[in-house]
Structures are given as C-alpha cells and as structure tokens.
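To start, the structure under review is shown below, and the notes come after it.
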Amino acid sequence: MKLLQIGILFIGLISWEIKAQPLNKEAINWIPFEQISDSLERNPKPVFLFFHTEWCSYCKKMQRETFKDPKVIQNLNEHYYAVEMDAESLDSIYFDGVLYTNPQTVKKTGQYHQLFRLLMQDSKKPTFPTSLFLDRDFKVTQRKFNYISIKQMLNIL
C-alpha cells in the first residue's frame with residue numbers, strides 16, 4: 001500500500017511539474033517570398049529577410065534562441081513581414097513576376113539561389129546568417145552578416 005501511495009504522489013508531482021512549465025506556442029509568422037508583393041500591396045510595412053544554410057551553426061543558434069524569444073516574435077509579427085530562406089535552396093521561387101531558381105540540380109555548399117544572389121548583389125562574399133531589413137518599398141535599410149542576439153534584435157526592431 002505504501003508503495004502505491006508513493007507511486008501516485010510521484011505521478012502527481014510529475015504532472016504538476018509539466019503543467020507548471022510555460023509553453024511558448026507563439027512563433028514568427030514566416031511567409032514565403034511569393035506572398036510579399038501581395039502583402040505589401042494590401043498592408044505596407046517593413047520586411048525582415050533571414051538567409052541561412054543547413055551547415056551554419058550561428059544560423060541554427062538564431063533559430064533556436066533569437067527567433068524563440070516572445071518579445072522578438074511579437075515585434076516581428078506586429079511590425080514586419082518576415083521571410084526566411086535557405087540560401088542554397090533548390091526550390092523555384094516566383095517573386096515579383098520573375099521565376100528565380102538555383103542553377104544547381106543537387107544542393108551544394110556555396111552554390112546560392114538566384115534570389116539570394118540578386119538581393120546580395122553588392123556583397124562580395126556571403127556570410128551566414130544574413131539578415132536584411134527593408135522598408136515598405138522593399139529597399140534595404142540594414143544588412144547584418146552575423147549572429148544577432150535577442151537584445152541586438154530588439155534594439156534593431
């Protein structure tokens with residue numbers, strides 16, 4: 001009997017601990033490139049572009065930390081259209097009346113998508129993560145070629 005009571009108490013404590021932990025169900029409302037033009041036409045606001053790669057550890061850190069912070073999520077969702085893209089993606093993207101592709105047929109490090117190269121035209125060598133902040137007219141206002149912490153992101157936003 002005593003063992004049963006201890007077991008029930010243990011299960012009760014575990015379920016209380018699980019319920020007590022806050023769950024952050026909010027997430028950044030990432031939209032695809034194809035949707036930006038229509039969104040800007042209907043409701044103009046600044047745009048945040050986040051370019052990453054599968055091999056970039058600082059990109060993963062931003063996704064795991066910066067983009068999980070409730071204040072960053074709230075700020076981006078309220079004031080920006082947010083778009084994220086793997087710079088080495090093989091996907092075709094129809095944006096602003098033009099079809100953009102990656103000329104590679106197999107994903108390869110350093111072989112970047114046309115859309116990424118177009119937006120990075122004045123940058124000599126891409127570094128990741130790359131974050132672009134654009135105004136309502138889709139003109140770049142800031143470029144960041146590094147990890148952005150939660151505090152830094154909130155200062156920028």
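Chain labels follow the order of the structure tokens: the first chain is A, the next B, and so on; residue numbering restarts at 1 in every chain, and ligands are counted from 1 in their shown order.
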All helix (DSSP H, G or I) residues (DSSP, backbone) inside region 1-155 of chain A, as a PyMOL selection string: chain A and resi 2-20+33-42+57-64+66-68+70-79+114-119+150-155
Where in chain A does DSSP assign strand (DSSP E), given as a short mmCIF file (atom, residue, chain, number, x, y, z; two decimals) with C-alpha atoms, in the first residue's frame?
data_model
loop_
_atom_site.label_atom_id
_atom_site.label_comp_id
_atom_site.auth_asym_id
_atom_site.auth_seq_id
_atom_site.Cartn_x
_atom_site.Cartn_y
_atom_site.Cartn_z
CA VAL A 47 10.22 43.38 -44.33
CA PHE A 48 12.73 41.22 -42.49
CA LEU A 49 14.64 38.66 -44.60
CA PHE A 50 16.64 35.92 -42.90
CA PHE A 51 19.00 33.86 -45.06
CA HIS A 52 20.58 30.73 -43.63
CA TYR A 81 6.70 40.71 -42.84
CA ALA A 82 9.24 38.01 -42.03
CA VAL A 83 10.73 35.72 -44.65
CA GLU A 84 13.33 33.03 -44.11
CA MET A 85 15.17 31.17 -46.82
CA ASP A 86 17.89 28.59 -47.19
CA ILE A 93 10.52 30.91 -56.34
CA TYR A 94 8.14 33.10 -58.31
CA PHE A 95 8.65 36.60 -56.96
CA VAL A 98 10.02 36.61 -62.19
CA LEU A 99 10.89 32.94 -61.66
CA TYR A 100 14.10 32.53 -59.61
CA THR A 130 22.50 37.13 -43.30
CA SER A 131 19.65 39.37 -42.20
CA LEU A 132 18.21 42.16 -44.32
CA PHE A 133 15.86 44.83 -43.04
CA LEU A 134 13.82 46.52 -45.75
CA VAL A 140 17.31 47.66 -47.91
CA THR A 141 17.80 49.80 -44.80
CA GLN A 142 20.16 47.49 -42.89
CA ARG A 143 22.28 44.41 -43.62
CA LYS A 144 23.65 42.17 -40.88
#
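Note that CA of Glu41 (chain A) and CA of Thr101 (chain A) are 24.2 Å apart.
Using only C-alpha atoms, the contacts of Gln74 (chain A) at a cut-off of 8 Å, with sequence neighbours closer than 4 positions omitted, comprise Ile28, Pro70 and Glu78 of chain A.
For Asn77 (chain A), the set of protein, DNA and RNA residues having any atom at most 9 Å away, when counting only C-alpha atoms and skipping those fewer than 6 positions along the same chain, is Ala27, Ile28, Asn29 and Trp30 of chain A.
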Counting only C-alpha atoms, what is within 10 Å of Tyr58 (chain A), bar same-chain residues fewer than 5 positions away, as a PDB file with all heavy atoms, in the first residue's frame?
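Contents of out_28.pdb, as written:
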ATOM      1  N   HIS A  52      19.789  31.696 -44.393  1.00  0.00           N
ATOM      2  CA  HIS A  52      20.582  30.732 -43.627  1.00  0.00           C
ATOM      3  C   HIS A  52      21.008  29.587 -44.539  1.00  0.00           C
ATOM      4  O   HIS A  52      20.602  29.530 -45.710  1.00  0.00           O
ATOM      5  CB  HIS A  52      19.767  30.199 -42.448  1.00  0.00           C
ATOM      6  CG  HIS A  52      18.470  29.568 -42.873  1.00  0.00           C
ATOM      7  ND1 HIS A  52      18.370  28.252 -43.247  1.00  0.00           N
ATOM      8  CD2 HIS A  52      17.225  30.099 -43.009  1.00  0.00           C
ATOM      9  CE1 HIS A  52      17.106  27.985 -43.588  1.00  0.00           C
ATOM     10  NE2 HIS A  52      16.395  29.102 -43.447  1.00  0.00           N
ATOM     11  N   THR A  53      21.815  28.699 -44.003  1.00  0.00           N
ATOM     12  CA  THR A  53      22.189  27.470 -44.700  1.00  0.00           C
ATOM     13  C   THR A  53      22.054  26.327 -43.705  1.00  0.00           C
ATOM     14  O   THR A  53      21.977  26.557 -42.495  1.00  0.00           O
ATOM     15  CB  THR A  53      23.636  27.521 -45.224  1.00  0.00           C
ATOM     16  OG1 THR A  53      24.517  27.663 -44.117  1.00  0.00           O
ATOM     17  CG2 THR A  53      23.836  28.659 -46.216  1.00  0.00           C
ATOM     18  N   GLN A  63      17.893  30.635 -34.872  1.00  0.00           N
ATOM     19  CA  GLN A  63      16.587  29.984 -34.972  1.00  0.00           C
ATOM     20  C   GLN A  63      16.166  29.405 -33.625  1.00  0.00           C
ATOM     21  O   GLN A  63      14.992  29.429 -33.280  1.00  0.00           O
ATOM     22  CB  GLN A  63      16.628  28.891 -36.046  1.00  0.00           C
ATOM     23  CG  GLN A  63      16.762  29.465 -37.438  1.00  0.00           C
ATOM     24  CD  GLN A  63      17.112  28.420 -38.487  1.00  0.00           C
ATOM     25  OE1 GLN A  63      17.892  27.507 -38.254  1.00  0.00           O
ATOM     26  NE2 GLN A  63      16.526  28.576 -39.666  1.00  0.00           N
ATOM     27  N   ARG A  64      17.120  28.896 -32.879  1.00  0.00           N
ATOM     28  CA  ARG A  64      16.844  28.249 -31.591  1.00  0.00           C
ATOM     29  C   ARG A  64      16.630  29.261 -30.464  1.00  0.00           C
ATOM     30  O   ARG A  64      15.832  29.029 -29.562  1.00  0.00           O
ATOM     31  CB  ARG A  64      18.037  27.336 -31.277  1.00  0.00           C
ATOM     32  CG  ARG A  64      17.815  26.251 -30.307  1.00  0.00           C
ATOM     33  CD  ARG A  64      19.034  25.333 -30.147  1.00  0.00           C
ATOM     34  NE  ARG A  64      20.287  26.035 -29.938  1.00  0.00           N
ATOM     35  CZ  ARG A  64      21.304  26.046 -30.819  1.00  0.00           C
ATOM     36  NH1 ARG A  64      21.216  25.407 -31.956  1.00  0.00           N
ATOM     37  NH2 ARG A  64      22.406  26.705 -30.540  1.00  0.00           N
ATOM     38  N   PHE A 128      27.037  33.857 -43.272  1.00  0.00           N
ATOM     39  CA  PHE A 128      25.756  33.482 -42.690  1.00  0.00           C
ATOM     40  C   PHE A 128      25.856  33.463 -41.178  1.00  0.00           C
ATOM     41  O   PHE A 128      26.913  33.179 -40.640  1.00  0.00           O
ATOM     42  CB  PHE A 128      25.327  32.113 -43.217  1.00  0.00           C
ATOM     43  CG  PHE A 128      25.108  32.134 -44.698  1.00  0.00           C
ATOM     44  CD1 PHE A 128      26.106  31.717 -45.562  1.00  0.00           C
ATOM     45  CD2 PHE A 128      23.924  32.613 -45.219  1.00  0.00           C
ATOM     46  CE1 PHE A 128      25.913  31.768 -46.934  1.00  0.00           C
ATOM     47  CE2 PHE A 128      23.721  32.667 -46.584  1.00  0.00           C
ATOM     48  CZ  PHE A 128      24.731  32.241 -47.440  1.00  0.00           C
ATOM     49  N   PRO A 129      24.749  33.790 -40.529  1.00  0.00           N
ATOM     50  CA  PRO A 129      23.468  34.191 -41.101  1.00  0.00           C
ATOM     51  C   PRO A 129      23.524  35.588 -41.711  1.00  0.00           C
ATOM     52  O   PRO A 129      24.323  36.420 -41.303  1.00  0.00           O
ATOM     53  CB  PRO A 129      22.522  34.171 -39.895  1.00  0.00           C
ATOM     54  CG  PRO A 129      23.410  34.341 -38.700  1.00  0.00           C
ATOM     55  CD  PRO A 129      24.738  33.760 -39.064  1.00  0.00           C
ATOM     56  N   ASN A 146      25.892  38.468 -39.532  1.00  0.00           N
ATOM     57  CA  ASN A 146      26.366  37.776 -38.346  1.00  0.00           C
ATOM     58  C   ASN A 146      25.193  37.337 -37.485  1.00  0.00           C
ATOM     59  O   ASN A 146      24.045  37.681 -37.749  1.00  0.00           O
ATOM     60  CB  ASN A 146      27.303  38.694 -37.536  1.00  0.00           C
ATOM     61  CG  ASN A 146      26.627  39.996 -37.137  1.00  0.00           C
ATOM     62  OD1 ASN A 146      25.818  40.545 -37.885  1.00  0.00           O
ATOM     63  ND2 ASN A 146      26.950  40.511 -35.968  1.00  0.00           N
ATOM     64  N   TYR A 147      25.524  36.612 -36.429  1.00  0.00           N
ATOM     65  CA  TYR A 147      24.531  36.210 -35.439  1.00  0.00           C
ATOM     66  C   TYR A 147      23.987  37.469 -34.768  1.00  0.00           C
ATOM     67  O   TYR A 147      24.740  38.378 -34.434  1.00  0.00           O
ATOM     68  CB  TYR A 147      25.197  35.291 -34.407  1.00  0.00           C
ATOM     69  CG  TYR A 147      24.348  35.016 -33.198  1.00  0.00           C
ATOM     70  CD1 TYR A 147      23.333  34.077 -33.239  1.00  0.00           C
ATOM     71  CD2 TYR A 147      24.554  35.720 -32.013  1.00  0.00           C
ATOM     72  CE1 TYR A 147      22.544  33.835 -32.131  1.00  0.00           C
ATOM     73  CE2 TYR A 147      23.776  35.480 -30.902  1.00  0.00           C
ATOM     74  CZ  TYR A 147      22.770  34.539 -30.961  1.00  0.00           C
ATOM     75  OH  TYR A 147      21.988  34.307 -29.868  1.00  0.00           O
ATOM     76  N   ILE A 148      22.681  37.507 -34.571  1.00  0.00           N
ATOM     77  CA  ILE A 148      22.048  38.626 -33.879  1.00  0.00           C
ATOM     78  C   ILE A 148      21.397  38.074 -32.616  1.00  0.00           C
ATOM     79  O   ILE A 148      20.494  37.233 -32.691  1.00  0.00           O
ATOM     80  CB  ILE A 148      20.989  39.322 -34.761  1.00  0.00           C
ATOM     81  CG1 ILE A 148      21.607  39.807 -36.071  1.00  0.00           C
ATOM     82  CG2 ILE A 148      20.344  40.477 -34.007  1.00  0.00           C
ATOM     83  CD1 ILE A 148      20.591  40.351 -37.072  1.00  0.00           C
TER      84      ILE A 148
END
Nearby residues (only C-alpha atoms) at most 12 Å from Gly97 (chain A), same-chain spacing under 6 positions excluded, as a PyMOL selection string: chain A and resi 33-38
Output file for the selection above: N, CA and C atoms, as a PDB file, in the first residue's frame:
ATOM      1  N   PHE A  33       8.379  34.051 -50.064  1.00  0.00           N
ATOM      2  CA  PHE A  33       8.690  35.186 -50.937  1.00  0.00           C
ATOM      3  C   PHE A  33       7.513  35.513 -51.845  1.00  0.00           C
ATOM      4  N   GLU A  34       6.854  34.479 -52.348  1.00  0.00           N
ATOM      5  CA  GLU A  34       5.746  34.682 -53.283  1.00  0.00           C
ATOM      6  C   GLU A  34       4.641  35.550 -52.693  1.00  0.00           C
ATOM      7  N   GLN A  35       4.538  35.606 -51.403  1.00  0.00           N
ATOM      8  CA  GLN A  35       3.450  36.331 -50.742  1.00  0.00           C
ATOM      9  C   GLN A  35       3.801  37.791 -50.422  1.00  0.00           C
ATOM     10  N   ILE A  36       5.066  38.152 -50.495  1.00  0.00           N
ATOM     11  CA  ILE A  36       5.474  39.506 -50.079  1.00  0.00           C
ATOM     12  C   ILE A  36       4.817  40.601 -50.905  1.00  0.00           C
ATOM     13  N   SER A  37       4.848  40.478 -52.222  1.00  0.00           N
ATOM     14  CA  SER A  37       4.296  41.536 -53.084  1.00  0.00           C
ATOM     15  C   SER A  37       2.846  41.830 -52.744  1.00  0.00           C
ATOM     16  N   ASP A  38       2.024  40.776 -52.649  1.00  0.00           N
ATOM     17  CA  ASP A  38       0.607  40.962 -52.321  1.00  0.00           C
ATOM     18  C   ASP A  38       0.438  41.572 -50.931  1.00  0.00           C
TER      19      ASP A  38
END
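The residue that comes closest to His113 (chain A), out of A:Ser57, A:Ala87, A:Leu154, A:Ser92 and on the basis of only C-alpha atoms, is A:Ala87.
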